[in-house]
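Step one of this worksheet: look at the structure below.
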Amino acid sequence: MKITFLGTSHGMTEKNAFCATAVVSIGERHYVIDAGAPLGTLLQNYDIPFSGIRAIFITHPHHDHFLGLVDLSSLVEGFRFQNVSIDVYHPEGVPIAKMYDFLYDGKIESQDSERLHYHLYQDAKPDGDVIFDDGVLKVTAIPVEPYVPHSHAFLLEAEGKKVLFSGDLHKDMPDYPAVLEQTDTPFDLVVVEAAHSVLTGEPVMAHFRATKTKRLIIQHRNPRRNTDEMMEKVKEDLAPLYPVFVIGDGYSIEL
Ligand SMILES: [Zn+2]
């Protein structure tokens, strides 16, 4: 499994950086976690074919996590790309129908789209609900509580590996997914956001110390709240437990 981060930024604070968007590649199959970046444009820039995208998963209904769907639809549907069939899994609150009104003014309706197929997933149970399993990748949505309702972290399982994307979490992370601390087998990777909490604070560091993982990636960082110096401190403090990577756009990792 390879994960390529097309966008890692908090979005409002940096030049030439895009919001949270990651592509999980398993062989020729590609899956997208969040679409905060102009997704169609960046997939082309990274030579990831639209026809290879099986599914897109949106963690929560905030524009910096779904706005990239506008760019993707405008390319693959506005310009009628062939051999594209992508399932989009989204929670309540993502304004899909409004997006189609805006783009096509009634000429294409979201439910009639031939290329992007939308699936609303309901708020998950506390332990999580499986929202997708194509025999290659299994995705379990785990509820979290940031600033908008219907928000989720995603547990990904493929090729015997376990990865967790935190989505956006509440300040000081009271909603940090419990499975990260309770699991019997360590995660291969945890991807956590750094927009809403001070990571060097004790509530967050206590979660990080209790996390069972082989590595941790920090993305979606607000550099004013979590400075470079603070990130060095997090890396140093956790070094005895696991390596921490503070990443930027274009970073990729093979698991
Ligand atoms: Zn966000």
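Chain labels run A, B, ... following the order of the structure tokens; each chain numbers its residues from 1, and ligands are numbered from 1 in the order shown.
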(request) Quick one: pick out all strand (DSSP E) residues within stretch 3-114 of chain A from a backbone DSSP run and write them as a ChimeraX atom specification. (result) /A:3-7,21-26,29-33,53-57,86-90
Output N, CA and C atoms of each residue in that selection to a file, as an mmCIF file, in the first residue's frame.
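out-v2.cif written:
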data_model
loop_
_atom_site.group_PDB
_atom_site.id
_atom_site.type_symbol
_atom_site.label_atom_id
_atom_site.label_comp_id
_atom_site.auth_asym_id
_atom_site.auth_seq_id
_atom_site.Cartn_x
_atom_site.Cartn_y
_atom_site.Cartn_z
ATOM 1 N N ILE A 3 0.738 5.497 0.120
ATOM 2 C CA ILE A 3 -0.127 6.651 0.393
ATOM 3 C C ILE A 3 0.598 7.910 -0.073
ATOM 4 N N THR A 4 -0.059 8.668 -0.942
ATOM 5 C CA THR A 4 0.496 9.919 -1.461
ATOM 6 C C THR A 4 -0.375 11.058 -0.963
ATOM 7 N N PHE A 5 0.268 12.012 -0.338
ATOM 8 C CA PHE A 5 -0.479 13.147 0.227
ATOM 9 C C PHE A 5 -0.455 14.310 -0.774
ATOM 10 N N LEU A 6 -1.561 14.492 -1.477
ATOM 11 C CA LEU A 6 -1.648 15.573 -2.470
ATOM 12 C C LEU A 6 -1.787 16.926 -1.778
ATOM 13 N N GLY A 7 -2.419 16.915 -0.620
ATOM 14 C CA GLY A 7 -2.598 18.141 0.155
ATOM 15 C C GLY A 7 -2.472 17.818 1.627
ATOM 16 N N THR A 21 -5.789 15.968 1.568
ATOM 17 C CA THR A 21 -6.200 15.066 0.486
ATOM 18 C C THR A 21 -5.124 13.995 0.350
ATOM 19 N N ALA A 22 -5.511 12.739 0.480
ATOM 20 C CA ALA A 22 -4.518 11.660 0.374
ATOM 21 C C ALA A 22 -5.037 10.575 -0.561
ATOM 22 N N VAL A 23 -4.117 9.993 -1.327
ATOM 23 C CA VAL A 23 -4.476 8.894 -2.228
ATOM 24 C C VAL A 23 -3.820 7.621 -1.709
ATOM 25 N N VAL A 24 -4.639 6.612 -1.449
ATOM 26 C CA VAL A 24 -4.160 5.300 -1.023
ATOM 27 C C VAL A 24 -4.153 4.409 -2.252
ATOM 28 N N SER A 25 -2.979 3.915 -2.628
ATOM 29 C CA SER A 25 -2.857 3.103 -3.837
ATOM 30 C C SER A 25 -2.530 1.670 -3.466
ATOM 31 N N ILE A 26 -3.311 0.747 -3.987
ATOM 32 C CA ILE A 26 -3.090 -0.685 -3.776
ATOM 33 C C ILE A 26 -3.087 -1.299 -5.167
ATOM 34 N N ARG A 29 -5.324 0.115 -8.088
ATOM 35 C CA ARG A 29 -6.546 0.692 -7.525
ATOM 36 C C ARG A 29 -6.181 1.839 -6.594
ATOM 37 N N HIS A 30 -6.914 2.924 -6.717
ATOM 38 C CA HIS A 30 -6.629 4.112 -5.918
ATOM 39 C C HIS A 30 -7.888 4.553 -5.154
ATOM 40 N N TYR A 31 -7.675 4.986 -3.938
ATOM 41 C CA TYR A 31 -8.763 5.442 -3.065
ATOM 42 C C TYR A 31 -8.338 6.786 -2.469
ATOM 43 N N VAL A 32 -9.288 7.699 -2.339
ATOM 44 C CA VAL A 32 -8.949 9.048 -1.886
ATOM 45 C C VAL A 32 -9.575 9.295 -0.515
ATOM 46 N N ILE A 33 -8.762 9.793 0.410
ATOM 47 C CA ILE A 33 -9.258 10.162 1.736
ATOM 48 C C ILE A 33 -9.290 11.687 1.819
ATOM 49 N N ILE A 53 -9.381 5.428 -9.994
ATOM 50 C CA ILE A 53 -9.945 5.817 -8.692
ATOM 51 C C ILE A 53 -11.207 5.001 -8.439
ATOM 52 N N ARG A 54 -11.179 4.181 -7.394
ATOM 53 C CA ARG A 54 -12.349 3.356 -7.064
ATOM 54 C C ARG A 54 -13.325 4.136 -6.181
ATOM 55 N N ALA A 55 -12.807 4.841 -5.192
ATOM 56 C CA ALA A 55 -13.712 5.481 -4.229
ATOM 57 C C ALA A 55 -13.033 6.673 -3.561
ATOM 58 N N ILE A 56 -13.886 7.575 -3.084
ATOM 59 C CA ILE A 56 -13.444 8.757 -2.330
ATOM 60 C C ILE A 56 -14.216 8.747 -1.016
ATOM 61 N N PHE A 57 -13.534 9.044 0.074
ATOM 62 C CA PHE A 57 -14.160 9.036 1.391
ATOM 63 C C PHE A 57 -13.967 10.405 2.043
ATOM 64 N N ILE A 86 -16.599 6.415 -10.084
ATOM 65 C CA ILE A 86 -16.025 6.605 -8.746
ATOM 66 C C ILE A 86 -17.155 6.688 -7.717
ATOM 67 N N ASP A 87 -17.067 5.876 -6.686
ATOM 68 C CA ASP A 87 -18.031 5.945 -5.588
ATOM 69 C C ASP A 87 -17.536 6.956 -4.561
ATOM 70 N N VAL A 88 -18.401 7.869 -4.191
ATOM 71 C CA VAL A 88 -18.042 8.914 -3.218
ATOM 72 C C VAL A 88 -18.861 8.680 -1.943
ATOM 73 N N TYR A 89 -18.168 8.409 -0.851
ATOM 74 C CA TYR A 89 -18.826 8.151 0.432
ATOM 75 C C TYR A 89 -18.696 9.403 1.293
ATOM 76 N N HIS A 90 -19.836 9.937 1.685
ATOM 77 C CA HIS A 90 -19.802 11.193 2.440
ATOM 78 C C HIS A 90 -20.832 11.154 3.563
#
(message) List as a PyMOL selection string the protein and nucleic acid residues near stretch 136-148 of chain A, meaning an atom at most 9 Å away when only C-alpha atoms are counted, but skip any in the same chain fewer than 2 places from it.
(response) chain A and resi 26+29+31+57+59-62+93+121+123-134+150-159+166-171+173-177+196
Would you save the residues of that selection, restricted to C-alpha atoms, as a tab-separated table (two decimals), in the first residue's frame?
chain	number	residue	atom	x	y	z
A	26	ILE	CA	-3.09	-0.68	-3.78
A	29	ARG	CA	-6.55	0.69	-7.53
A	31	TYR	CA	-8.76	5.44	-3.06
A	57	PHE	CA	-14.16	9.04	1.39
A	59	THR	CA	-14.39	12.52	6.85
A	60	HIS	CA	-16.66	15.46	7.64
A	61	PRO	CA	-18.74	18.23	6.06
A	62	HIS	CA	-16.23	21.07	6.12
A	93	GLY	CA	-23.92	17.89	5.51
A	121	TYR	CA	-23.04	7.05	5.19
A	123	ASP	CA	-23.28	8.58	11.71
A	124	ALA	CA	-21.28	5.59	12.91
A	125	LYS	CA	-21.69	3.74	16.21
A	126	PRO	CA	-19.08	4.59	18.87
A	127	ASP	CA	-16.99	1.53	17.96
A	128	GLY	CA	-17.28	2.35	14.27
A	129	ASP	CA	-19.21	1.07	11.27
A	130	VAL	CA	-17.79	-0.52	8.14
A	131	ILE	CA	-18.82	1.82	5.32
A	132	PHE	CA	-16.88	0.15	2.48
A	133	ASP	CA	-15.28	-3.20	1.68
A	134	ASP	CA	-14.43	-4.17	-1.88
A	150	HIS	CA	-21.31	13.99	11.33
A	151	SER	CA	-17.50	13.86	11.62
A	152	HIS	CA	-15.48	10.68	11.46
A	153	ALA	CA	-12.02	9.18	11.60
A	154	PHE	CA	-11.32	6.35	9.15
A	155	LEU	CA	-9.71	3.02	9.90
A	156	LEU	CA	-8.30	1.51	6.70
A	157	GLU	CA	-7.40	-2.16	6.41
A	158	ALA	CA	-5.67	-3.64	3.37
A	159	GLU	CA	-2.94	-6.18	2.66
A	166	SER	CA	-7.98	11.02	12.31
A	167	GLY	CA	-10.02	13.48	10.27
A	168	ASP	CA	-10.43	16.66	12.29
A	169	LEU	CA	-10.57	16.27	16.05
A	170	HIS	CA	-11.84	18.49	18.84
A	171	LYS	CA	-9.51	20.81	20.75
A	173	MET	CA	-8.57	15.59	21.28
A	174	PRO	CA	-11.13	14.24	23.79
A	175	ASP	CA	-12.44	12.30	20.76
A	176	TYR	CA	-9.05	10.71	19.91
A	177	PRO	CA	-10.10	7.28	18.62
A	196	HIS	CA	-7.23	22.45	16.21
(request) Give as a ChimeraX atom specification the residues surrounding ligand 1 up to a distance of 7 Å, considering only C-alpha atoms and all ligand atoms. (result) /A:10,62,64-65,168,195,220
Please produce a file of those selected residues containing C-alpha atoms, as a compact mmCIF listing (two decimals), in the first residue's frame.
# COMPACT_ATOMS: atom_id res chain seq x y z
CA HIS A 10 -4.43 23.73 6.99
CA HIS A 62 -16.23 21.07 6.12
CA ASP A 64 -11.59 22.26 3.43
CA HIS A 65 -12.29 18.51 3.22
CA ASP A 168 -10.43 16.66 12.29
CA ALA A 195 -5.10 22.36 13.07
CA HIS A 220 -3.27 19.56 8.26
(message) Considering only C-alpha atoms, can you say which of A:Glu254, A:Leu43, A:Val70, A:Pro223 comes closest to A:Glu14?
(response) A:Pro223
